[in-house]
Structures are given as structure tokens and as C-alpha cells.
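Trainee: The structure is given below, and queries will be raised subsequently.
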Amino acid sequence: MNDDTNSKTNDRRIDRRTVLGGLSASFVALSGCSTLTSRNDAPNSTSSGPPEGKKDSLTSVEMVETELVVKLPSDADIDSVNLLNPDGETNAIRRIQDGTTQVAFQLLGETEDGYVPGEYRIVAITGDETVDETTITLDPKIDITDVKRAQDYPDLNWDKEQPSWEQFAAVTVENTGNAPSYLTALRWENSPHTKVSPSEALTHYLRRIIPPGETTIYTTAPVYRTQDPTGAYEAVDCGSLERDTLTVTGNVQTGKNPTFSQTVEYGGKKYSCDLTIVDSGSTSSLKTNESDT
């Protein structure tokens with residue numbers, strides 16, 4: 001649970017220590033979900049093959065967490081590896097020294113804004129000549145598929161040392177694409193907690209890689225709170241409400257921002273609310289890389 005909760009600014013800069021620590025700790029778990037291109041079989045890639053008389057200079061291309069990793073044979077006779085984006089423009093160049101067997105291109109996290117989905121060309125260069133090249137398609141598809149209230153699912157992996165943990169939420173994020181993205185925030189609108197807050201929306205800032213597959217994110221701040229523990233703001237008068245719909249939006253670096261709506265039925269009375277989740281489901285995605293403000 002690495003959520004940074006209720007920050008006042010949406011700083012896209014990711015703490016280098018957080019990212020690097022996460023990379024080493026979770027490499028084994030996520031590398032199996034990475035997009036891998038070998039020169040022999042790769043359903044999402046093609047290779048032009050080296051020119052006649054040349055040997056393969058690019059062994060494999062693999063998306064490992066936040067980096068596109070290119071592996072080279074130890075005796076590769078090349079000067080540089082160039083990465084070209086889907087528009088055909090040079091994204092980055094890595095110079096090769098003798099004995100280099102791997103180069104990496106940072107595409108997500110830290111100060112990166114995220115890559116553009118599509119087909120990337122990886123080109124090996126010697127002098128002014130292309131000696132080998134291959135392509136890889138990176139296409140994350142992010143959806144929020146479920147939101148669970150802790151009170152209704154007490155057996156999940158909640159941090160029960162946190163006060164009011166029963167009012168937290170677990171958000172299921174599914175990536176049905178073939179490449180990772182980076183989730184930077186969850187923005188909650190019209191949740192019970194917003195009714196006892198001066199803001200119409202509350203944002204939980206995150207640092208989470210979303211690999212292909214399913215990821216569960218546990219909030220570390222209440223979503224379903226109906227009273228302000230400080231007493232500074234009026235409690236929700238649940239007896240005067242019937243139903244209301246909260247919406248949570250994920251802000252991702254690459255891909256479309258997913259949204260999910262949930263209908264909450266309010267019962268009981270002020271200072272003694274009884275909430276029931278009566279309906280929920282994902283909604284249409286927002287504009288690509290739209291920022292929450």
C-alpha cells in the first residue's frame with residue numbers, strides 16, 4: 001500500500017527512491033506479464049531481419065515495468081540502438097560500448113509523461129548503416145472493474161491498524177492490453193466522504209505500475225465516511241437522502257483514464273448512517289491522459 005493520499009498538488013514527478021525500490025522488489029512478479037519480443041516468435045512484433053551478410057544484433061525487446069529493455073549479444077558490432085516512436089520520430093538513442101549486452105529506454109514513471117500507444121521500431125546502427133531492426137507494439141487497456149467497501153469485505157487484505165479502515169475501498173484495476181501503464185491518482189466524486197468535506201471531489205495520489213492482468217489497490221483514506229472526526233464539518237444527514245452515485249476516475253500516464261460508478265443507498269439518520277451499495281459498474285473512459293485538477 002504505497003498510496004499518497006489527499007495531496008494538495010497533482011505532481012507527476014515520481015520519487016526516484018520509490019520507483020527504484022519497487023523495481024527491484026517486484027521484478028520477478030511483473031516480468032512474467034511483460035511484453036516480450038524475441039527474434040523467433042513474438043505475436044505483437046515483426047522483424048525485418050539483418051541485411052545480407054550481417055548477424056542478429058538485437059536478441060530481444062522486453063517491456064519490464066517502466067522500461068523498454070533491449071538485449072544484445074556480447075559480441076554485437078554496433079554503435080547505437082535507436083528507439084523510434086509510432087510517428088516515426090526518434091524517441092531516444094543509446095550509445096553502445098564494447099561488451100554491452102543490454103540497454104533500456106525509460107517510458108513510464110519518475111518525470112516521464114508516459115509513452116504513446118502504438119508500434120515502436122528498435123534499430124541497431126553501425127556508422128550510418130542500419131544493421132538490424134525489430135518492432136514491438138505497446139498497447140495498455142485500463143479499466144476499473146470493481147470497487148469494494150471494506151465493511152462489506154472484511155476478509156480482504158486491509159490495513160486494520162488504520163483508524164476507520166471499514167470506510168476504505170478496494171479498487172480492482174484490470175489491464176487487458178499487452179503493456180503496462182502507470183496509475184498516478186484516483187479521483188472520487190460524490191462519495192459519502194465528499195459530503196463531509198469542503199471539496200466536491202477527493203483525490204488519492206498513487207505510485208502504481210499497472211501491468212497486464214488484474215491489480216487491487218487499497219485506499220489508505222476513507223471513501224465511505226459520513227462524519228468528520230474533527231467536528232469541523234457537518235455530518236451527513238442520511239435520513240434526508242435516498243440514493244446517490246459516486247464516481248471514481250483513475251489517472252494513468254498511458255492509455256485512457258478509466259471511470260467506475262457506484263450507486264449508494266443512504267439510510268438511518270444523522271450520526272447513525274446505514275449505507276448500502278445497490279449498483280455499480282465501469283463507465284466510458286475519459287480522454288487519453290486527461291489530468292485531474
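The way I read the labels, and the way they are meant: chains A, B, ... in the order of the C-alpha cells, residue 1 as the first residue of every chain, and ligand 1 as the first ligand shown, with later ones counted on from there.
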Could you pull the residues within 8 Å of Ile217 in chain A, counting only C-alpha atoms, minus those fewer than 2 positions along the same chain, as a PDB file with C-alpha atoms, in the first residue's frame?

Mentor:
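Output saved as out_25.pdb:
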```pdb
ATOM      1  CA  MET A   1       0.000   0.000   0.000  1.00  0.00           C
ATOM      2  CA  ALA A 170     -10.529  -1.672  -2.608  1.00  0.00           C
ATOM      3  CA  VAL A 171     -10.343  -0.790  -6.302  1.00  0.00           C
ATOM      4  CA  THR A 172      -9.850  -3.527  -8.892  1.00  0.00           C
ATOM      5  CA  VAL A 173      -7.966  -2.280 -11.950  1.00  0.00           C
ATOM      6  CA  THR A 215      -4.328  -5.255  -9.777  1.00  0.00           C
ATOM      7  CA  THR A 219      -7.072   3.134  -0.312  1.00  0.00           C
TER       8      THR A 219
END
```

Trainee: Might you pull out every residue within 6 Å of range 82-88 of chain A, with only C-alpha atoms counted and same-chain residues fewer than 6 positions away left off, and present them as a ChimeraX atom specification?

Mentor: /A:118-123

Trainee: Save out the residues we just selected, C-alpha atoms, as a PDB file, in the first residue's frame.

Mentor:
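Writing the result to part-v1.pdb gives the following:
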```pdb
ATOM      1  CA  GLY A 118       1.409   2.007 -30.847  1.00  0.00           C
ATOM      2  CA  GLU A 119       4.214   0.333 -32.748  1.00  0.00           C
ATOM      3  CA  TYR A 120       7.823   1.194 -31.849  1.00  0.00           C
ATOM      4  CA  ARG A 121      10.891   0.475 -34.011  1.00  0.00           C
ATOM      5  CA  ILE A 122      14.176  -0.544 -32.415  1.00  0.00           C
ATOM      6  CA  VAL A 123      17.080  -0.029 -34.813  1.00  0.00           C
TER       7      VAL A 123
END
```

Trainee: For the strand (DSSP E) assignment from backbone DSSP, which residues of range 39-279 of chain A qualify? Please present them as a PDB file with C-alpha atoms, in the first residue's frame.

Mentor:
```pdb
ATOM      1  CA  SER A  60      15.129  -9.484 -27.608  1.00  0.00           C
ATOM      2  CA  VAL A  61      12.965  -6.495 -26.714  1.00  0.00           C
ATOM      3  CA  GLU A  62      11.021  -6.609 -23.458  1.00  0.00           C
ATOM      4  CA  MET A  63       8.825  -4.139 -21.563  1.00  0.00           C
ATOM      5  CA  VAL A  64       9.931  -4.602 -17.927  1.00  0.00           C
ATOM      6  CA  GLU A  67      11.448   0.419 -19.097  1.00  0.00           C
ATOM      7  CA  LEU A  68      11.747  -0.992 -22.594  1.00  0.00           C
ATOM      8  CA  VAL A  69      14.761  -3.316 -22.335  1.00  0.00           C
ATOM      9  CA  VAL A  70      16.746  -4.338 -25.432  1.00  0.00           C
ATOM     10  CA  LYS A  71      19.181  -7.249 -25.113  1.00  0.00           C
ATOM     11  CA  SER A  80      23.961   2.677 -31.102  1.00  0.00           C
ATOM     12  CA  VAL A  81      20.413   1.441 -30.580  1.00  0.00           C
ATOM     13  CA  ASN A  82      17.718   3.915 -31.632  1.00  0.00           C
ATOM     14  CA  LEU A  83      14.087   3.886 -30.496  1.00  0.00           C
ATOM     15  CA  LEU A  84      11.539   5.337 -32.933  1.00  0.00           C
ATOM     16  CA  THR A  90      13.465   9.213 -32.857  1.00  0.00           C
ATOM     17  CA  ASN A  91      12.427   8.872 -29.240  1.00  0.00           C
ATOM     18  CA  ALA A  92      15.882   8.159 -27.797  1.00  0.00           C
ATOM     19  CA  ILE A  93      19.360   6.902 -28.710  1.00  0.00           C
ATOM     20  CA  ARG A  94      21.594   4.635 -26.618  1.00  0.00           C
ATOM     21  CA  ARG A  95      25.315   4.538 -27.451  1.00  0.00           C
ATOM     22  CA  GLN A 102      21.578  -4.582 -22.579  1.00  0.00           C
ATOM     23  CA  VAL A 103      20.181  -1.074 -22.980  1.00  0.00           C
ATOM     24  CA  ALA A 104      16.968   0.398 -21.550  1.00  0.00           C
ATOM     25  CA  PHE A 105      14.580   3.191 -22.518  1.00  0.00           C
ATOM     26  CA  GLN A 106      12.537   4.746 -19.701  1.00  0.00           C
ATOM     27  CA  GLY A 118       1.409   2.007 -30.847  1.00  0.00           C
ATOM     28  CA  GLU A 119       4.214   0.333 -32.748  1.00  0.00           C
ATOM     29  CA  TYR A 120       7.823   1.194 -31.849  1.00  0.00           C
ATOM     30  CA  ARG A 121      10.891   0.475 -34.011  1.00  0.00           C
ATOM     31  CA  ILE A 122      14.176  -0.544 -32.415  1.00  0.00           C
ATOM     32  CA  VAL A 123      17.080  -0.029 -34.813  1.00  0.00           C
ATOM     33  CA  ALA A 124      20.715  -1.121 -34.442  1.00  0.00           C
ATOM     34  CA  ILE A 125      23.148   1.280 -36.143  1.00  0.00           C
ATOM     35  CA  THR A 126      26.796   0.950 -37.159  1.00  0.00           C
ATOM     36  CA  GLU A 129      24.127   1.899 -41.668  1.00  0.00           C
ATOM     37  CA  THR A 130      21.191   0.014 -40.203  1.00  0.00           C
ATOM     38  CA  VAL A 131      22.427  -3.473 -39.376  1.00  0.00           C
ATOM     39  CA  ASP A 132      19.330  -4.845 -37.657  1.00  0.00           C
ATOM     40  CA  GLU A 133      15.863  -3.752 -36.551  1.00  0.00           C
ATOM     41  CA  THR A 134      12.667  -5.058 -34.993  1.00  0.00           C
ATOM     42  CA  THR A 135       9.325  -3.657 -33.840  1.00  0.00           C
ATOM     43  CA  ILE A 136       7.158  -4.001 -30.754  1.00  0.00           C
ATOM     44  CA  THR A 137       3.562  -2.880 -30.200  1.00  0.00           C
ATOM     45  CA  LEU A 138       2.739  -1.355 -26.797  1.00  0.00           C
ATOM     46  CA  ILE A 142      -7.037   0.013 -18.439  1.00  0.00           C
ATOM     47  CA  ASP A 143     -10.439  -0.435 -16.781  1.00  0.00           C
ATOM     48  CA  ILE A 144     -11.748  -0.171 -13.230  1.00  0.00           C
ATOM     49  CA  THR A 145     -13.885  -3.284 -12.856  1.00  0.00           C
ATOM     50  CA  ASP A 146     -14.921  -3.197  -9.192  1.00  0.00           C
ATOM     51  CA  VAL A 147     -14.941  -1.068  -6.033  1.00  0.00           C
ATOM     52  CA  LYS A 148     -15.474  -2.819  -2.681  1.00  0.00           C
ATOM     53  CA  ARG A 149     -16.288  -1.181   0.655  1.00  0.00           C
ATOM     54  CA  ALA A 169     -12.238   0.991  -0.514  1.00  0.00           C
ATOM     55  CA  ALA A 170     -10.529  -1.672  -2.608  1.00  0.00           C
ATOM     56  CA  VAL A 171     -10.343  -0.790  -6.302  1.00  0.00           C
ATOM     57  CA  THR A 172      -9.850  -3.527  -8.892  1.00  0.00           C
ATOM     58  CA  VAL A 173      -7.966  -2.280 -11.950  1.00  0.00           C
ATOM     59  CA  GLU A 174      -7.690  -4.552 -14.989  1.00  0.00           C
ATOM     60  CA  ASN A 175      -5.243  -4.115 -17.853  1.00  0.00           C
ATOM     61  CA  SER A 181       0.773   1.829 -17.642  1.00  0.00           C
ATOM     62  CA  TYR A 182       1.290   3.967 -14.535  1.00  0.00           C
ATOM     63  CA  LEU A 183      -1.597   4.939 -12.254  1.00  0.00           C
ATOM     64  CA  THR A 184      -0.930   8.301 -10.616  1.00  0.00           C
ATOM     65  CA  ALA A 185      -4.256   9.080  -8.890  1.00  0.00           C
ATOM     66  CA  LEU A 186      -7.801   8.007  -8.055  1.00  0.00           C
ATOM     67  CA  ARG A 187     -10.314  10.854  -8.025  1.00  0.00           C
ATOM     68  CA  TRP A 188     -13.531  10.292  -6.039  1.00  0.00           C
ATOM     69  CA  GLU A 189     -16.569  12.433  -6.861  1.00  0.00           C
ATOM     70  CA  ALA A 201     -14.048  15.645  -5.106  1.00  0.00           C
ATOM     71  CA  LEU A 202     -11.237  13.962  -3.176  1.00  0.00           C
ATOM     72  CA  THR A 203      -8.070  12.711  -4.876  1.00  0.00           C
ATOM     73  CA  HIS A 204      -5.848   9.909  -3.618  1.00  0.00           C
ATOM     74  CA  TYR A 205      -2.396  10.197  -5.214  1.00  0.00           C
ATOM     75  CA  LEU A 206      -0.608   6.958  -6.063  1.00  0.00           C
ATOM     76  CA  ARG A 207       2.584   5.481  -7.485  1.00  0.00           C
ATOM     77  CA  ARG A 208       1.436   2.215  -9.018  1.00  0.00           C
ATOM     78  CA  ILE A 209       2.530   0.261 -12.055  1.00  0.00           C
ATOM     79  CA  ILE A 210      -0.442  -1.438 -13.735  1.00  0.00           C
ATOM     80  CA  GLY A 213      -3.701  -8.521 -15.705  1.00  0.00           C
ATOM     81  CA  GLU A 214      -5.576  -7.548 -12.548  1.00  0.00           C
ATOM     82  CA  THR A 215      -4.328  -5.255  -9.777  1.00  0.00           C
ATOM     83  CA  THR A 216      -6.075  -4.497  -6.465  1.00  0.00           C
ATOM     84  CA  ILE A 217      -5.466  -1.088  -4.893  1.00  0.00           C
ATOM     85  CA  TYR A 218      -6.415  -0.470  -1.268  1.00  0.00           C
ATOM     86  CA  ARG A 243     -29.709   7.270  -3.360  1.00  0.00           C
ATOM     87  CA  ASP A 244     -26.663   8.932  -4.860  1.00  0.00           C
ATOM     88  CA  THR A 245     -24.000   7.884  -7.349  1.00  0.00           C
ATOM     89  CA  LEU A 246     -20.295   8.168  -6.654  1.00  0.00           C
ATOM     90  CA  THR A 247     -17.751   8.092  -9.483  1.00  0.00           C
ATOM     91  CA  VAL A 248     -14.083   7.140  -9.263  1.00  0.00           C
ATOM     92  CA  THR A 249     -11.690   8.043 -12.082  1.00  0.00           C
ATOM     93  CA  GLY A 250      -8.189   6.679 -12.490  1.00  0.00           C
ATOM     94  CA  ASN A 251      -5.480   8.950 -13.895  1.00  0.00           C
ATOM     95  CA  VAL A 252      -2.996   6.936 -15.963  1.00  0.00           C
ATOM     96  CA  THR A 259     -14.094   5.536 -14.675  1.00  0.00           C
ATOM     97  CA  PHE A 260     -16.395   3.494 -12.454  1.00  0.00           C
ATOM     98  CA  SER A 261     -19.751   4.450 -10.932  1.00  0.00           C
ATOM     99  CA  GLN A 262     -21.457   3.063  -7.852  1.00  0.00           C
ATOM    100  CA  THR A 263     -24.940   3.781  -6.522  1.00  0.00           C
ATOM    101  CA  VAL A 264     -25.101   4.190  -2.745  1.00  0.00           C
ATOM    102  CA  GLU A 265     -28.375   3.990  -0.832  1.00  0.00           C
ATOM    103  CA  TYR A 266     -28.463   6.157   2.305  1.00  0.00           C
ATOM    104  CA  GLY A 267     -30.474   5.015   5.310  1.00  0.00           C
ATOM    105  CA  GLY A 268     -30.624   5.632   9.054  1.00  0.00           C
ATOM    106  CA  LYS A 269     -30.213   9.139  10.362  1.00  0.00           C
ATOM    107  CA  SER A 272     -26.098   6.910  12.608  1.00  0.00           C
ATOM    108  CA  CYS A 273     -25.970   6.210   8.868  1.00  0.00           C
ATOM    109  CA  ASP A 274     -26.644   2.901   7.201  1.00  0.00           C
ATOM    110  CA  LEU A 275     -25.093   2.724   3.705  1.00  0.00           C
ATOM    111  CA  THR A 276     -25.895   0.041   1.137  1.00  0.00           C
ATOM    112  CA  ILE A 277     -24.193  -0.473  -2.228  1.00  0.00           C
ATOM    113  CA  VAL A 278     -27.044  -1.202  -4.633  1.00  0.00           C
ATOM    114  CA  ASP A 279     -25.480  -0.935  -8.091  1.00  0.00           C
TER     115      ASP A 279
END
```

Trainee: Could you list, as an NGL selection string, every residue within 6 Å of range 112-114 of chain A, counting only C-alpha atoms and ignoring same-chain residues fewer than 4 positions away?

Mentor: :A and (107-108 or 253-254)

Trainee: Those same residues - all heavy atoms - I'd like them written as an mmCIF file, in the first residue's frame.

Mentor:
```
data_model
loop_
_atom_site.group_PDB
_atom_site.id
_atom_site.type_symbol
_atom_site.label_atom_id
_atom_site.label_comp_id
_atom_site.auth_asym_id
_atom_site.auth_seq_id
_atom_site.Cartn_x
_atom_site.Cartn_y
_atom_site.Cartn_z
ATOM 1 N N LEU A 107 10.139 4.635 -20.199
ATOM 2 C CA LEU A 107 8.897 5.057 -20.844
ATOM 3 C C LEU A 107 7.811 5.475 -19.863
ATOM 4 O O LEU A 107 6.840 6.125 -20.259
ATOM 5 C CB LEU A 107 8.355 3.928 -21.736
ATOM 6 C CG LEU A 107 9.242 3.486 -22.906
ATOM 7 C CD1 LEU A 107 8.527 2.432 -23.735
ATOM 8 C CD2 LEU A 107 9.643 4.666 -23.775
ATOM 9 N N LEU A 108 7.944 5.089 -18.592
ATOM 10 C CA LEU A 108 6.927 5.403 -17.595
ATOM 11 C C LEU A 108 7.602 5.818 -16.296
ATOM 12 O O LEU A 108 8.757 5.511 -16.048
ATOM 13 C CB LEU A 108 6.042 4.177 -17.311
ATOM 14 C CG LEU A 108 5.076 3.713 -18.387
ATOM 15 C CD1 LEU A 108 4.508 2.341 -18.016
ATOM 16 C CD2 LEU A 108 3.945 4.708 -18.576
ATOM 17 N N GLN A 253 -0.797 7.331 -16.905
ATOM 18 C CA GLN A 253 0.158 8.021 -17.770
ATOM 19 C C GLN A 253 -0.027 7.655 -19.235
ATOM 20 O O GLN A 253 0.152 8.494 -20.114
ATOM 21 C CB GLN A 253 1.598 7.690 -17.337
ATOM 22 C CG GLN A 253 2.070 8.464 -16.133
ATOM 23 C CD GLN A 253 3.562 8.295 -15.892
ATOM 24 O OE1 GLN A 253 4.206 7.432 -16.485
ATOM 25 N NE2 GLN A 253 4.105 9.112 -15.027
ATOM 26 N N THR A 254 -0.350 6.404 -19.507
ATOM 27 C CA THR A 254 -0.531 5.959 -20.887
ATOM 28 C C THR A 254 -1.837 5.197 -20.998
ATOM 29 O O THR A 254 -2.122 4.316 -20.197
ATOM 30 C CB THR A 254 0.631 5.049 -21.317
ATOM 31 O OG1 THR A 254 1.835 5.815 -21.351
ATOM 32 C CG2 THR A 254 0.391 4.468 -22.701
#
```

Trainee: Which one is closest to Pro198 in chain A: A:Gln151, A:Asp75, A:Asp228, A:Ala221? Count only C-alpha atoms.

Mentor: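 Checking each candidate against Pro198 in chain A, we get A:Asp228 as the closest.
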
Trainee: Give me, please, the distance in Å between CA of Ser199 in chain A and CA of Glu161 in chain A, quoted to one decimal.

Mentor: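 Separation of CA of Ser199 in chain A and CA of Glu161 in chain A: 26.6 Å.
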
Trainee: Between CA of Gly99 in chain A and CA of Ser74 in chain A, what is the distance in Å, rounded to a tenth?

Mentor: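 These atoms are spaced 5.3 Å apart.
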
Trainee: CA of Thr111 in chain A and CA of Pro258 in chain A are how many Å apart?

Mentor: 22.0 Å

Trainee: Give the alpha helix (DSSP H) residues of range 21-213 of chain A, as assigned by DSSP on the backbone, as a ChimeraX atom specification.

Mentor: /A:21-31

Trainee: With N, CA and C atoms retained, export the selected residues as a compact mmCIF listing (two decimals), in the first residue's frame.

Mentor:
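So the final result, stored in again-v2.txt, reads:
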```txt
# COMPACT_ATOMS: atom_id res chain seq x y z
N GLY A 21 13.06 1.27 -5.75
CA GLY A 21 12.83 0.25 -4.75
C GLY A 21 11.77 -0.73 -5.21
N GLY A 22 10.70 -0.19 -5.85
CA GLY A 22 9.64 -1.06 -6.33
C GLY A 22 10.11 -1.96 -7.46
N LEU A 23 11.03 -1.45 -8.30
CA LEU A 23 11.51 -2.26 -9.42
C LEU A 23 12.22 -3.50 -8.93
N SER A 24 13.14 -3.35 -7.99
CA SER A 24 13.91 -4.49 -7.54
C SER A 24 13.04 -5.47 -6.76
N ALA A 25 12.05 -4.97 -6.02
CA ALA A 25 11.22 -5.84 -5.19
C ALA A 25 10.24 -6.65 -6.00
N SER A 26 9.76 -6.09 -7.13
CA SER A 26 8.66 -6.76 -7.83
C SER A 26 9.04 -7.21 -9.23
N PHE A 27 10.32 -7.26 -9.56
CA PHE A 27 10.74 -7.64 -10.90
C PHE A 27 10.24 -9.02 -11.28
N VAL A 28 10.41 -10.00 -10.37
CA VAL A 28 10.03 -11.37 -10.68
C VAL A 28 8.53 -11.46 -10.90
N ALA A 29 7.74 -10.77 -10.06
CA ALA A 29 6.28 -10.87 -10.16
C ALA A 29 5.76 -10.29 -11.44
N LEU A 30 6.37 -9.19 -11.91
CA LEU A 30 5.82 -8.49 -13.05
C LEU A 30 6.44 -8.90 -14.37
N SER A 31 7.65 -9.43 -14.35
CA SER A 31 8.31 -9.72 -15.61
C SER A 31 7.55 -10.77 -16.41
```
